[in-house]
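Peer 1: my_file.pdb is the file, holding PDB, C-alpha atoms:
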ATOM      1  CA  MET A   1      32.037 -30.265 -32.055
ATOM      2  CA  PRO A   2      30.315 -27.192 -33.519
ATOM      3  CA  LYS A   3      27.178 -29.271 -33.858
ATOM      4  CA  LEU A   4      27.226 -30.115 -30.164
ATOM      5  CA  ASP A   5      27.811 -26.459 -29.429
ATOM      6  CA  ARG A   6      24.704 -25.556 -31.377
ATOM      7  CA  VAL A   7      22.691 -28.176 -29.527
ATOM      8  CA  ILE A   8      23.777 -26.713 -26.198
ATOM      9  CA  ARG A   9      22.965 -23.220 -27.356
ATOM     10  CA  PHE A  10      19.546 -24.348 -28.502
ATOM     11  CA  ARG A  11      18.888 -25.929 -25.129
ATOM     12  CA  LEU A  12      19.942 -22.788 -23.353
ATOM     13  CA  LEU A  13      17.578 -20.807 -25.538
ATOM     14  CA  ALA A  14      14.774 -23.269 -24.855
ATOM     15  CA  CYS A  15      15.357 -22.859 -21.129
ATOM     16  CA  ALA A  16      15.548 -19.109 -21.314
ATOM     17  CA  LEU A  17      12.461 -18.703 -23.484
ATOM     18  CA  PRO A  18       9.831 -19.275 -20.759
ATOM     19  CA  LEU A  19      11.778 -16.906 -18.501
ATOM     20  CA  LEU A  20      11.814 -14.263 -21.196
ATOM     21  CA  LEU A  21       8.126 -14.694 -21.857
ATOM     22  CA  SER A  22       7.195 -14.419 -18.207
ATOM     23  CA  GLY A  23       9.225 -11.238 -18.093
ATOM     24  CA  CYS A  24       7.040  -9.823 -20.827
ATOM     25  CA  VAL A  25       3.961  -9.500 -18.592
ATOM     26  CA  GLU A  26       3.918  -5.781 -18.461
ATOM     27  CA  ALA A  27       3.862  -4.203 -15.038
ATOM     28  CA  THR A  28       0.775  -2.034 -14.699
ATOM     29  CA  GLN A  29       1.606   1.514 -13.706
ATOM     30  CA  PRO A  30       0.163   2.815 -10.422
ATOM     31  CA  ALA A  31      -1.568   5.715 -12.200
ATOM     32  CA  GLU A  32      -3.558   3.246 -14.324
ATOM     33  CA  LEU A  33      -4.550   1.268 -11.251
ATOM     34  CA  PHE A  34      -6.393   4.298  -9.887
ATOM     35  CA  GLN A  35      -8.516   4.554 -13.009
ATOM     36  CA  LEU A  36     -11.689   2.631 -13.647
ATOM     37  CA  SER A  37     -11.033  -0.295 -15.949
ATOM     38  CA  PRO A  38     -13.512  -1.378 -18.653
ATOM     39  CA  GLU A  39     -14.329  -4.472 -16.572
ATOM     40  CA  SER A  40     -15.069  -2.531 -13.406
ATOM     41  CA  THR A  41     -18.794  -2.075 -14.156
ATOM     42  CA  GLN A  42     -19.148  -5.760 -14.885
ATOM     43  CA  ASN A  43     -17.303  -6.702 -11.693
ATOM     44  CA  ARG A  44     -19.419  -4.268  -9.765
ATOM     45  CA  SER A  45     -22.702  -5.770 -10.895
ATOM     46  CA  MET A  46     -21.420  -9.272 -10.171
ATOM     47  CA  GLN A  47     -20.295  -8.321  -6.656
ATOM     48  CA  THR A  48     -23.252  -6.130  -5.710
ATOM     49  CA  ARG A  49     -26.901  -6.730  -4.782
ATOM     50  CA  MET A  50     -29.507  -4.262  -3.601
ATOM     51  CA  PHE A  51     -31.977  -5.012  -0.802
ATOM     52  CA  GLU A  52     -35.172  -3.138   0.078
ATOM     53  CA  THR A  53     -34.597  -2.790   3.800
ATOM     54  CA  SER A  54     -33.854  -0.035   6.260
ATOM     55  CA  ASN A  55     -32.316  -2.329   8.840
ATOM     56  CA  ASP A  56     -28.613  -2.045   8.057
ATOM     57  CA  LYS A  57     -27.633  -3.764  11.285
ATOM     58  CA  GLU A  58     -29.713  -6.834  10.454
ATOM     59  CA  LEU A  59     -28.294  -6.900   6.922
ATOM     60  CA  LEU A  60     -24.718  -6.833   8.224
ATOM     61  CA  SER A  61     -25.342  -9.517  10.809
ATOM     62  CA  ALA A  62     -27.107 -11.687   8.197
ATOM     63  CA  SER A  63     -24.071 -11.187   5.941
ATOM     64  CA  ALA A  64     -21.788 -12.386   8.737
ATOM     65  CA  ALA A  65     -24.055 -15.399   9.290
ATOM     66  CA  SER A  66     -24.010 -16.254   5.557
ATOM     67  CA  LEU A  67     -20.223 -16.077   5.499
ATOM     68  CA  GLN A  68     -20.120 -18.348   8.535
ATOM     69  CA  ASP A  69     -22.449 -20.794   6.765
ATOM     70  CA  LEU A  70     -19.932 -20.879   3.917
ATOM     71  CA  GLY A  71     -17.154 -21.749   6.391
ATOM     72  CA  PHE A  72     -15.560 -18.334   6.780
ATOM     73  CA  GLN A  73     -14.144 -16.911   9.988
ATOM     74  CA  ILE A  74     -14.936 -13.247  10.587
ATOM     75  CA  GLU A  75     -11.690 -11.385  11.144
ATOM     76  CA  GLU A  76     -12.799  -7.805  11.351
ATOM     77  CA  SER A  77     -16.045  -5.900  11.575
ATOM     78  CA  VAL A  78     -16.884  -2.194  11.684
ATOM     79  CA  ARG A  79     -20.591  -1.589  12.093
ATOM     80  CA  GLU A  80     -20.538   2.184  11.532
ATOM     81  CA  VAL A  81     -19.422   1.797   7.929
ATOM     82  CA  GLY A  82     -20.945  -1.645   7.401
ATOM     83  CA  PHE A  83     -17.679  -3.484   6.889
ATOM     84  CA  LEU A  84     -16.789  -7.169   7.348
ATOM     85  CA  ARG A  85     -13.650  -9.092   6.520
ATOM     86  CA  ALA A  86     -13.567 -12.890   6.650
ATOM     87  CA  THR A  87     -11.217 -15.685   5.620
ATOM     88  CA  LYS A  88     -11.165 -19.443   5.267
ATOM     89  CA  GLU A  89      -8.267 -21.779   4.675
ATOM     90  CA  ARG A  90      -8.611 -24.893   2.602
ATOM     91  CA  SER A  91      -6.568 -27.380   0.635
ATOM     92  CA  ALA A  92      -5.813 -26.247  -2.916
ATOM     93  CA  ARG A  93      -4.890 -29.671  -4.295
ATOM     94  CA  GLU A  94      -6.311 -30.533  -7.703
ATOM     95  CA  TYR A  95      -6.053 -33.823  -9.585
ATOM     96  CA  GLY A  96      -5.380 -32.048 -12.866
ATOM     97  CA  GLN A  97      -2.221 -30.472 -11.531
ATOM     98  CA  TYR A  98      -0.870 -33.816 -10.296
ATOM     99  CA  ILE A  99      -1.532 -35.353 -13.712
ATOM    100  CA  GLY A 100       0.222 -32.370 -15.322
ATOM    101  CA  ARG A 101       3.130 -32.740 -12.920
ATOM    102  CA  PHE A 102       3.439 -36.430 -13.815
ATOM    103  CA  PHE A 103       3.536 -35.775 -17.566
ATOM    104  CA  VAL A 104       6.007 -32.909 -17.239
ATOM    105  CA  PHE A 105       8.208 -35.223 -15.179
ATOM    106  CA  LEU A 106       7.911 -37.937 -17.823
ATOM    107  CA  LEU A 107       8.463 -35.701 -20.858
ATOM    108  CA  SER A 108      11.394 -33.873 -19.297
ATOM    109  CA  LEU A 109      12.967 -37.297 -18.576
ATOM    110  CA  GLY A 110      12.946 -36.633 -14.856
ATOM    111  CA  HIS A 111      14.506 -33.181 -15.095
ATOM    112  CA  GLY A 112      11.455 -31.082 -14.315
ATOM    113  CA  LEU A 113       9.089 -31.388 -11.400
ATOM    114  CA  MET A 114       6.309 -28.818 -11.523
ATOM    115  CA  PRO A 115       5.252 -27.311  -8.177
ATOM    116  CA  VAL A 116       1.565 -27.937  -7.450
ATOM    117  CA  ASP A 117      -0.878 -25.860  -5.407
ATOM    118  CA  LEU A 118      -1.085 -27.139  -1.839
ATOM    119  CA  HIS A 119      -2.888 -24.721   0.381
ATOM    120  CA  GLN A 120      -5.103 -21.674  -0.119
ATOM    121  CA  LYS A 121      -6.624 -18.901   1.903
ATOM    122  CA  ILE A 122      -9.874 -17.476   0.557
ATOM    123  CA  ALA A 123     -10.711 -14.023   1.840
ATOM    124  CA  ALA A 124     -13.823 -11.882   1.556
ATOM    125  CA  ALA A 125     -14.298  -8.158   2.095
ATOM    126  CA  LEU A 126     -17.942  -7.107   2.443
ATOM    127  CA  VAL A 127     -19.425  -3.619   2.644
ATOM    128  CA  THR A 128     -23.055  -2.577   3.062
ATOM    129  CA  ARG A 129     -24.193   0.945   2.380
ATOM    130  CA  PRO A 130     -27.426   2.877   2.153
ATOM    131  CA  LEU A 131     -28.394   3.930  -1.367
ATOM    132  CA  ASN A 132     -30.821   6.731  -0.522
ATOM    133  CA  GLU A 133     -31.104   9.454   2.081
ATOM    134  CA  ALA A 134     -33.773   7.668   4.134
ATOM    135  CA  GLY A 135     -31.746   4.459   4.100
ATOM    136  CA  THR A 136     -34.614   2.273   2.913
ATOM    137  CA  ARG A 137     -32.486   0.665   0.228
ATOM    138  CA  GLN A 138     -29.187  -0.956   1.039
ATOM    139  CA  GLU A 139     -26.461  -2.253  -1.183
ATOM    140  CA  VAL A 140     -24.203  -5.180  -0.315
ATOM    141  CA  ARG A 141     -20.920  -5.544  -2.111
ATOM    142  CA  ILE A 142     -18.582  -8.460  -1.557
ATOM    143  CA  MET A 143     -15.181  -9.212  -3.073
ATOM    144  CA  PHE A 144     -13.455 -12.566  -2.882
ATOM    145  CA  TYR A 145      -9.801 -13.251  -3.486
ATOM    146  CA  ARG A 146      -7.419 -16.064  -2.692
ATOM    147  CA  VAL A 147      -3.783 -16.661  -1.840
ATOM    148  CA  ILE A 148      -2.309 -19.988  -2.906
ATOM    149  CA  TRP A 149       0.828 -21.616  -1.531
ATOM    150  CA  LYS A 150       2.673 -24.000  -3.803
ATOM    151  CA  GLY A 151       4.572 -27.164  -2.933
ATOM    152  CA  ASP A 152       8.158 -27.915  -3.933
ATOM    153  CA  GLY A 153       9.416 -28.778  -7.392
ATOM    154  CA  GLN A 154      12.506 -29.127  -9.489
ATOM    155  CA  SER A 155      13.809 -27.553 -12.659
ATOM    156  CA  ASP A 156      16.725 -29.520 -14.073
ATOM    157  CA  ARG A 157      19.107 -29.580 -11.101
ATOM    158  CA  THR A 158      17.755 -26.618  -9.181
ATOM    159  CA  TYR A 159      15.407 -27.464  -6.384
ATOM    160  CA  ILE A 160      12.378 -25.185  -6.101
ATOM    161  CA  PRO A 161      11.580 -24.806  -2.389
ATOM    162  CA  PRO A 162       7.931 -25.000  -1.292
ATOM    163  CA  GLY A 163       5.968 -21.964  -0.192
ATOM    164  CA  GLU A 164       5.855 -19.932  -3.397
ATOM    165  CA  GLN A 165       2.837 -17.642  -3.224
ATOM    166  CA  MET A 166       0.263 -16.727  -5.804
ATOM    167  CA  MET A 167      -2.654 -14.378  -5.388
ATOM    168  CA  GLU A 168      -5.727 -13.805  -7.498
ATOM    169  CA  MET A 169      -9.071 -12.070  -7.376
ATOM    170  CA  ILE A 170     -11.973 -14.505  -7.660
ATOM    171  CA  ARG A 171     -14.040 -13.498 -10.697
ATOM    172  CA  ASP A 172     -16.259 -16.561 -10.975
ATOM    173  CA  PRO A 173     -19.878 -15.272 -11.012
ATOM    174  CA  GLU A 174     -21.162 -18.540  -9.555
ATOM    175  CA  ILE A 175     -19.356 -17.978  -6.253
ATOM    176  CA  TYR A 176     -20.966 -14.571  -5.908
ATOM    177  CA  GLN A 177     -24.396 -15.948  -6.840
ATOM    178  CA  GLN A 178     -24.029 -18.637  -4.185
ATOM    179  CA  PHE A 179     -23.220 -16.087  -1.529
ATOM    180  CA  PHE A 180     -26.105 -13.786  -2.422
ATOM    181  CA  ALA A 181     -28.541 -16.724  -2.563
ATOM    182  CA  LYS A 182     -27.548 -17.557   1.022
ATOM    183  CA  LEU A 183     -27.767 -13.934   2.116
ATOM    184  CA  SER A 184     -31.216 -13.326   0.648
ATOM    185  CA  LYS A 185     -32.518 -16.433   2.431
ATOM    186  CA  ALA A 186     -31.025 -15.144   5.667
ATOM    187  CA  VAL A 187     -32.720 -11.735   5.417
ATOM    188  CA  PHE A 188     -35.964 -13.025   3.794
ATOM    189  CA  LEU A 189     -35.589 -10.496   1.025
ATOM    190  CA  GLU A 190     -35.382 -10.580  -2.709
ATOM    191  CA  PRO A 191     -31.975  -9.406  -3.939
ATOM    192  CA  HIS A 192     -31.958  -6.990  -6.863
ATOM    193  CA  THR A 193     -29.088  -6.767  -9.291
ATOM    194  CA  ILE A 194     -27.905  -3.278 -10.080
TER     195      ILE A 194
ATOM    196  CA  MET B   1      42.437  13.507   8.348
ATOM    197  CA  LEU B   2      41.264  16.781   9.806
ATOM    198  CA  TYR B   3      37.722  16.177   8.593
ATOM    199  CA  GLY B   4      37.552  12.920  10.472
ATOM    200  CA  CYS B   5      38.100  14.661  13.827
ATOM    201  CA  THR B   6      34.890  16.655  13.889
ATOM    202  CA  ALA B   7      31.749  14.725  14.617
ATOM    203  CA  PRO B   8      28.985  15.610  12.146
ATOM    204  CA  GLN B   9      26.519  17.998  13.756
ATOM    205  CA  PRO B  10      22.858  16.945  13.560
ATOM    206  CA  ARG B  11      21.277  19.105  10.939
ATOM    207  CA  GLN B  12      18.660  21.471  12.200
ATOM    208  CA  GLU B  13      16.511  21.213   9.089
ATOM    209  CA  LEU B  14      16.111  17.426   9.337
ATOM    210  CA  PHE B  15      12.493  17.690  10.421
ATOM    211  CA  THR B  16      11.526  20.869   8.637
ATOM    212  CA  PRO B  17       9.308  20.198   5.641
ATOM    213  CA  THR B  18      10.884  20.586   2.235
ATOM    214  CA  ASP B  19       9.151  22.042  -0.802
ATOM    215  CA  ALA B  20       8.858  18.590  -2.338
ATOM    216  CA  GLN B  21       7.056  17.268   0.751
ATOM    217  CA  MET B  22       4.623  20.156   0.725
ATOM    218  CA  LYS B  23       3.896  19.502  -2.937
ATOM    219  CA  ILE B  24       3.174  15.828  -2.342
ATOM    220  CA  ARG B  25       0.951  16.660   0.591
ATOM    221  CA  SER B  26      -1.129  19.035  -1.436
ATOM    222  CA  ALA B  27      -1.446  16.431  -4.201
ATOM    223  CA  GLN B  28      -2.532  13.862  -1.622
ATOM    224  CA  SER B  29      -5.219  16.009  -0.008
ATOM    225  CA  ARG B  30      -8.467  17.427  -1.251
ATOM    226  CA  THR B  31     -11.453  19.076   0.383
ATOM    227  CA  PHE B  32     -14.980  17.948  -0.436
ATOM    228  CA  GLU B  33     -18.351  19.536   0.218
ATOM    229  CA  VAL B  34     -19.513  16.776   2.520
ATOM    230  CA  LYS B  35     -20.638  17.429   6.094
ATOM    231  CA  ASP B  36     -20.895  13.960   7.525
ATOM    232  CA  ARG B  37     -17.765  11.894   8.125
ATOM    233  CA  ALA B  38     -19.623   8.580   7.794
ATOM    234  CA  VAL B  39     -20.970   9.652   4.375
ATOM    235  CA  ALA B  40     -17.481  10.640   3.253
ATOM    236  CA  MET B  41     -16.049   7.349   4.519
ATOM    237  CA  ARG B  42     -18.670   5.285   2.732
ATOM    238  CA  GLY B  43     -17.879   7.238  -0.420
ATOM    239  CA  VAL B  44     -14.162   6.504  -0.023
ATOM    240  CA  ILE B  45     -14.868   2.801   0.519
ATOM    241  CA  ALA B  46     -17.179   2.617  -2.514
ATOM    242  CA  ALA B  47     -14.631   4.422  -4.709
ATOM    243  CA  LEU B  48     -11.861   2.052  -3.626
ATOM    244  CA  GLN B  49     -14.060  -0.976  -4.273
ATOM    245  CA  ASP B  50     -14.959   0.315  -7.731
ATOM    246  CA  LEU B  51     -11.244   0.575  -8.432
ATOM    247  CA  GLY B  52     -10.856  -3.077  -7.463
ATOM    248  CA  PHE B  53      -9.291  -2.522  -4.048
ATOM    249  CA  ILE B  54      -9.830  -4.943  -1.202
ATOM    250  CA  ILE B  55     -10.747  -3.086   1.978
ATOM    251  CA  GLU B  56      -8.474  -4.312   4.751
ATOM    252  CA  ARG B  57      -9.299  -2.077   7.678
ATOM    253  CA  ALA B  58     -11.696   0.692   8.544
ATOM    254  CA  ASN B  59     -11.982   2.810  11.667
ATOM    255  CA  GLU B  60     -15.011   5.058  11.828
ATOM    256  CA  PRO B  61     -14.134   7.260  14.859
ATOM    257  CA  LEU B  62     -10.739   8.082  13.384
ATOM    258  CA  GLY B  63     -11.889   8.199   9.765
ATOM    259  CA  LEU B  64      -9.312   5.704   8.510
ATOM    260  CA  VAL B  65      -9.582   3.312   5.583
ATOM    261  CA  THR B  66      -6.784   0.981   4.485
ATOM    262  CA  ALA B  67      -7.042  -0.982   1.253
ATOM    263  CA  ALA B  68      -4.843  -2.872  -1.190
ATOM    264  CA  ARG B  69      -4.947  -4.477  -4.615
ATOM    265  CA  PHE B  70      -2.689  -6.473  -6.896
ATOM    266  CA  ALA B  71      -1.314  -4.706  -9.930
ATOM    267  CA  GLU B  72      -3.307  -7.048 -12.155
ATOM    268  CA  PRO B  73      -2.488  -8.989 -14.281
ATOM    269  CA  ASN B  74       0.736  -9.034 -12.329
ATOM    270  CA  TYR B  75       0.034 -10.474  -8.895
ATOM    271  CA  TYR B  76       3.542  -9.899  -7.534
ATOM    272  CA  ASP B  77       3.131  -6.136  -7.289
ATOM    273  CA  VAL B  78       0.899  -4.775  -4.572
ATOM    274  CA  LEU B  79      -0.600  -1.329  -4.425
ATOM    275  CA  GLY B  80      -1.653  -0.169  -0.980
ATOM    276  CA  VAL B  81      -3.496   2.956   0.068
ATOM    277  CA  THR B  82      -4.432   4.592   3.359
ATOM    278  CA  VAL B  83      -7.137   7.244   3.309
ATOM    279  CA  THR B  84      -7.922   9.590   6.194
ATOM    280  CA  VAL B  85     -11.171  11.511   6.400
ATOM    281  CA  ARG B  86     -11.229  14.615   8.617
ATOM    282  CA  PRO B  87     -14.221  16.909   8.972
ATOM    283  CA  GLN B  88     -13.356  20.604   8.964
ATOM    284  CA  ASP B  89     -15.009  23.556  10.643
ATOM    285  CA  ASP B  90     -16.751  24.891   7.545
ATOM    286  CA  ASP B  91     -19.000  21.871   6.809
ATOM    287  CA  LYS B  92     -16.372  20.466   4.529
ATOM    288  CA  THR B  93     -14.303  17.307   4.733
ATOM    289  CA  MET B  94     -10.603  16.977   4.082
ATOM    290  CA  ILE B  95      -9.626  13.683   2.500
ATOM    291  CA  ARG B  96      -6.018  12.593   2.322
ATOM    292  CA  ALA B  97      -4.674   9.523   0.521
ATOM    293  CA  ASN B  98      -1.237   7.964   0.856
ATOM    294  CA  ALA B  99      -0.474   5.311  -1.747
ATOM    295  CA  ILE B 100       2.418   2.855  -1.761
ATOM    296  CA  TYR B 101       3.527   0.609  -4.596
ATOM    297  CA  ASN B 102       5.508  -2.406  -3.390
ATOM    298  CA  ASN B 103       6.222  -0.592  -0.117
ATOM    299  CA  LYS B 104       7.550   2.503  -1.870
ATOM    300  CA  PRO B 105       5.609   5.738  -1.504
ATOM    301  CA  ILE B 106       4.040   7.051  -4.711
ATOM    302  CA  GLU B 107       4.952  10.658  -5.367
ATOM    303  CA  ASP B 108       3.431  11.036  -8.812
ATOM    304  CA  PRO B 109       0.590  13.615  -8.475
ATOM    305  CA  LYS B 110      -1.235  11.986 -11.407
ATOM    306  CA  VAL B 111      -1.934   8.891  -9.295
ATOM    307  CA  TYR B 112      -3.712  11.010  -6.701
ATOM    308  CA  GLN B 113      -5.569  13.013  -9.353
ATOM    309  CA  ASN B 114      -6.984   9.755 -10.711
ATOM    310  CA  PHE B 115      -7.979   8.615  -7.261
ATOM    311  CA  PHE B 116      -9.759  11.867  -6.426
ATOM    312  CA  ALA B 117     -11.562  11.824  -9.770
ATOM    313  CA  SER B 118     -13.017   8.392  -8.884
ATOM    314  CA  LEU B 119     -13.803   9.559  -5.368
ATOM    315  CA  GLU B 120     -15.616  12.629  -6.627
ATOM    316  CA  ARG B 121     -17.848  10.482  -8.795
ATOM    317  CA  SER B 122     -18.531   8.080  -5.939
ATOM    318  CA  LEU B 123     -19.368  10.866  -3.459
ATOM    319  CA  PHE B 124     -21.688  12.432  -5.999
ATOM    320  CA  ILE B 125     -23.567   9.150  -6.483
ATOM    321  CA  THR B 126     -23.785   8.633  -2.714
ATOM    322  CA  LYS B 127     -25.236  12.080  -2.191
ATOM    323  CA  ASN B 128     -28.116  11.568  -4.598
TER     324      ASN B 128
END
Using structure tokens, write down the structure that the file contains.
Peer 2:
Amino acid sequence: MPKLDRVIRFRLLACALPLLLSGCVEATQPAELFQLSPESTQNRSMQTRMFETSNDKELLSASAASLQDLGFQIEESVREVGFLRATKERSAREYGQYIGRFFVFLLSLGHGLMPVDLHQKIAAALVTRPLNEAGTRQEVRIMFYRVIWKGDGQSDRTYIPPGEQMMEMIRDPEIYQQFFAKLSKAVFLEPHTI
Amino acid sequence: MLYGCTAPQPRQELFTPTDAQMKIRSAQSRTFEVKDRAVAMRGVIAALQDLGFIIERANEPLGLVTAARFAEPNYYDVLGVTVTVRPQDDDKTMIRANAIYNNKPIEDPKVYQNFFASLERSLFITKN
């Protein structure tokens, strides 16, 4: 009997451990979030390109066209401050996750069913701004992020309903390079990294 | 029993500003030596982007900028900020920021100090 007790306690601990660990992700304090992080310069150079042009209107409209080429819908635009916001919705299904889900199901003897990513919304916020007084040099900065909705799952006997949300900033340099390659073709200008 | 019979009178001071409110307001506002509203707004936007904020809305005639970011690495917490830019008579611009963390207003003056420090740097770069 005591042995069985210990087994149960061990199982409880094993269940609680991932919960405990996830609780350990320290919440960042608001004051820190208003300070420049060490990565901010790196992010900035990845997200920014400089163009030798004085036509800010053309640059903004070319930016909108490039986003459209990439399948985005423009949601908001403010010409006076050179601002664009665009989104696109796509499937977020990945084979890897389904394979993972299958093995978790198998190894947990049918007790665990991992939720997989189903749907995602990719959003972009773009801002152009003049870099000098005469406005002959313009900077374009774009930031991508995505929201992912998960499907349903199961943990032991508790059913995990679908619709759990996850958000993340997109920090893959390739995505930014792709966008700026499109944009520079659209404005017939050579982009300069800062 | 007797207390229950008198209806509570609406308090006169309900809408009068308290000391705490005045303090927060002064922490949230700062005046900058910038003449042009558009220049100030672009500076605000650039500062917010440097801090990793996603610009959600901007309104040039009213001088409004709304932005948000996740409290990375924790994506459940969201930090939102609304900034208003108002030109003043003496060639200066008053900038006010209201920040909310998970829909609760932030009252810590340090948060606003950090924001204005970043903004100052950004406005300085924009000017040159």
Peer 1: Can you list, as a PyMOL selection string, the residues that the PyMOL selection byres ((chain B) within 6 of (chain A)) selects here?
Peer 2: chain B and resi 51+71+75+111+114-115
Peer 1: Could you expand the PyMOL selection byres ((chain B and resi 57) around 8) into the explicit residues it covers here, written as a short mmCIF file (atom, residue, chain, number, x, y, z; two decimals) with C-alpha atoms, in the coordinates of the input?
Peer 2:
data_model
loop_
_atom_site.label_atom_id
_atom_site.label_comp_id
_atom_site.auth_asym_id
_atom_site.auth_seq_id
_atom_site.Cartn_x
_atom_site.Cartn_y
_atom_site.Cartn_z
CA GLU A 76 -12.80 -7.80 11.35
CA ILE B 55 -10.75 -3.09 1.98
CA GLU B 56 -8.47 -4.31 4.75
CA ALA B 58 -11.70 0.69 8.54
CA ASN B 59 -11.98 2.81 11.67
CA LEU B 64 -9.31 5.70 8.51
CA VAL B 65 -9.58 3.31 5.58
CA THR B 66 -6.78 0.98 4.49
CA ALA B 67 -7.04 -0.98 1.25
#
Peer 1: For Gly135 in chain A, please output as a PDB file with C-alpha atoms, in the coordinates of the input all residues within 12 Å (counting only C-alpha atoms; exclusion window: fewer than 3 positions along the same chain).
Peer 2:
ATOM      1  CA  MET A  50     -29.507  -4.262  -3.601  1.00  0.00           C
ATOM      2  CA  PHE A  51     -31.977  -5.012  -0.802  1.00  0.00           C
ATOM      3  CA  GLU A  52     -35.172  -3.138   0.078  1.00  0.00           C
ATOM      4  CA  THR A  53     -34.597  -2.790   3.800  1.00  0.00           C
ATOM      5  CA  SER A  54     -33.854  -0.035   6.260  1.00  0.00           C
ATOM      6  CA  ASN A  55     -32.316  -2.329   8.840  1.00  0.00           C
ATOM      7  CA  ASP A  56     -28.613  -2.045   8.057  1.00  0.00           C
ATOM      8  CA  LYS A  57     -27.633  -3.764  11.285  1.00  0.00           C
ATOM      9  CA  THR A 128     -23.055  -2.577   3.062  1.00  0.00           C
ATOM     10  CA  ARG A 129     -24.193   0.945   2.380  1.00  0.00           C
ATOM     11  CA  PRO A 130     -27.426   2.877   2.153  1.00  0.00           C
ATOM     12  CA  LEU A 131     -28.394   3.930  -1.367  1.00  0.00           C
ATOM     13  CA  ASN A 132     -30.821   6.731  -0.522  1.00  0.00           C
ATOM     14  CA  GLN A 138     -29.187  -0.956   1.039  1.00  0.00           C
ATOM     15  CA  GLU A 139     -26.461  -2.253  -1.183  1.00  0.00           C
TER      16      GLU A 139
ATOM     17  CA  VAL B  39     -20.970   9.652   4.375  1.00  0.00           C
ATOM     18  CA  THR B 126     -23.785   8.633  -2.714  1.00  0.00           C
ATOM     19  CA  LYS B 127     -25.236  12.080  -2.191  1.00  0.00           C
ATOM     20  CA  ASN B 128     -28.116  11.568  -4.598  1.00  0.00           C
TER      21      ASN B 128
END
Peer 1: Once the PyMOL selection byres ((chain B and resi 34) around 9) has been applied to the shown file, what residues remain in the selection, as an MDAnalysis selection string?
Peer 2: chainID B and resid 31:33 35:37 39:40 87 91:93 123 127
Peer 1: CA of Gln154 in chain A to CA of Leu113 in chain A: how many Å, to one decimal?
Peer 2: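 The value is 4.5 Å.
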Peer 1: Skip Ala186 in chain A itself and residues of its chain fewer than 3 positions away, then list as a list of chain:residue names all residues within 10 Å of it, counting only C-alpha atoms.
Peer 2: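 Surrounding residues, per the criterion: A:Glu58, A:Leu59, A:Ser61, A:Ala62, A:Ser63, A:Ala65, A:Ser66, A:Phe180, A:Ala181, A:Lys182, A:Leu183, A:Leu189.
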Peer 1: If you take every atom of range 109-113 of chain A that the file lists and fit an axis-aligned box around them with 5 Å extra on each side, what centre and edge lengths come out in Å to one decimal, as lines of an AutoDock Vina configuration file?
Peer 2:
center_x = 11.8
center_y = -34.2
center_z = -15.0
size_x = 15.4
size_y = 16.2
size_z = 17.2
Peer 1: I'd like the interatomic distance between CA of Gln49 in chain B and CA of Met46 in chain A, to a tenth of an Å.
Peer 2: 12.6 Å
Peer 1: Residues around (-5.6, 11.5, -1.3), cut-off 7 Å, counting all atoms listed in the file - what are they as a ChimeraX atom specification?
Peer 2: /B:28-30,83,95-98,112,116
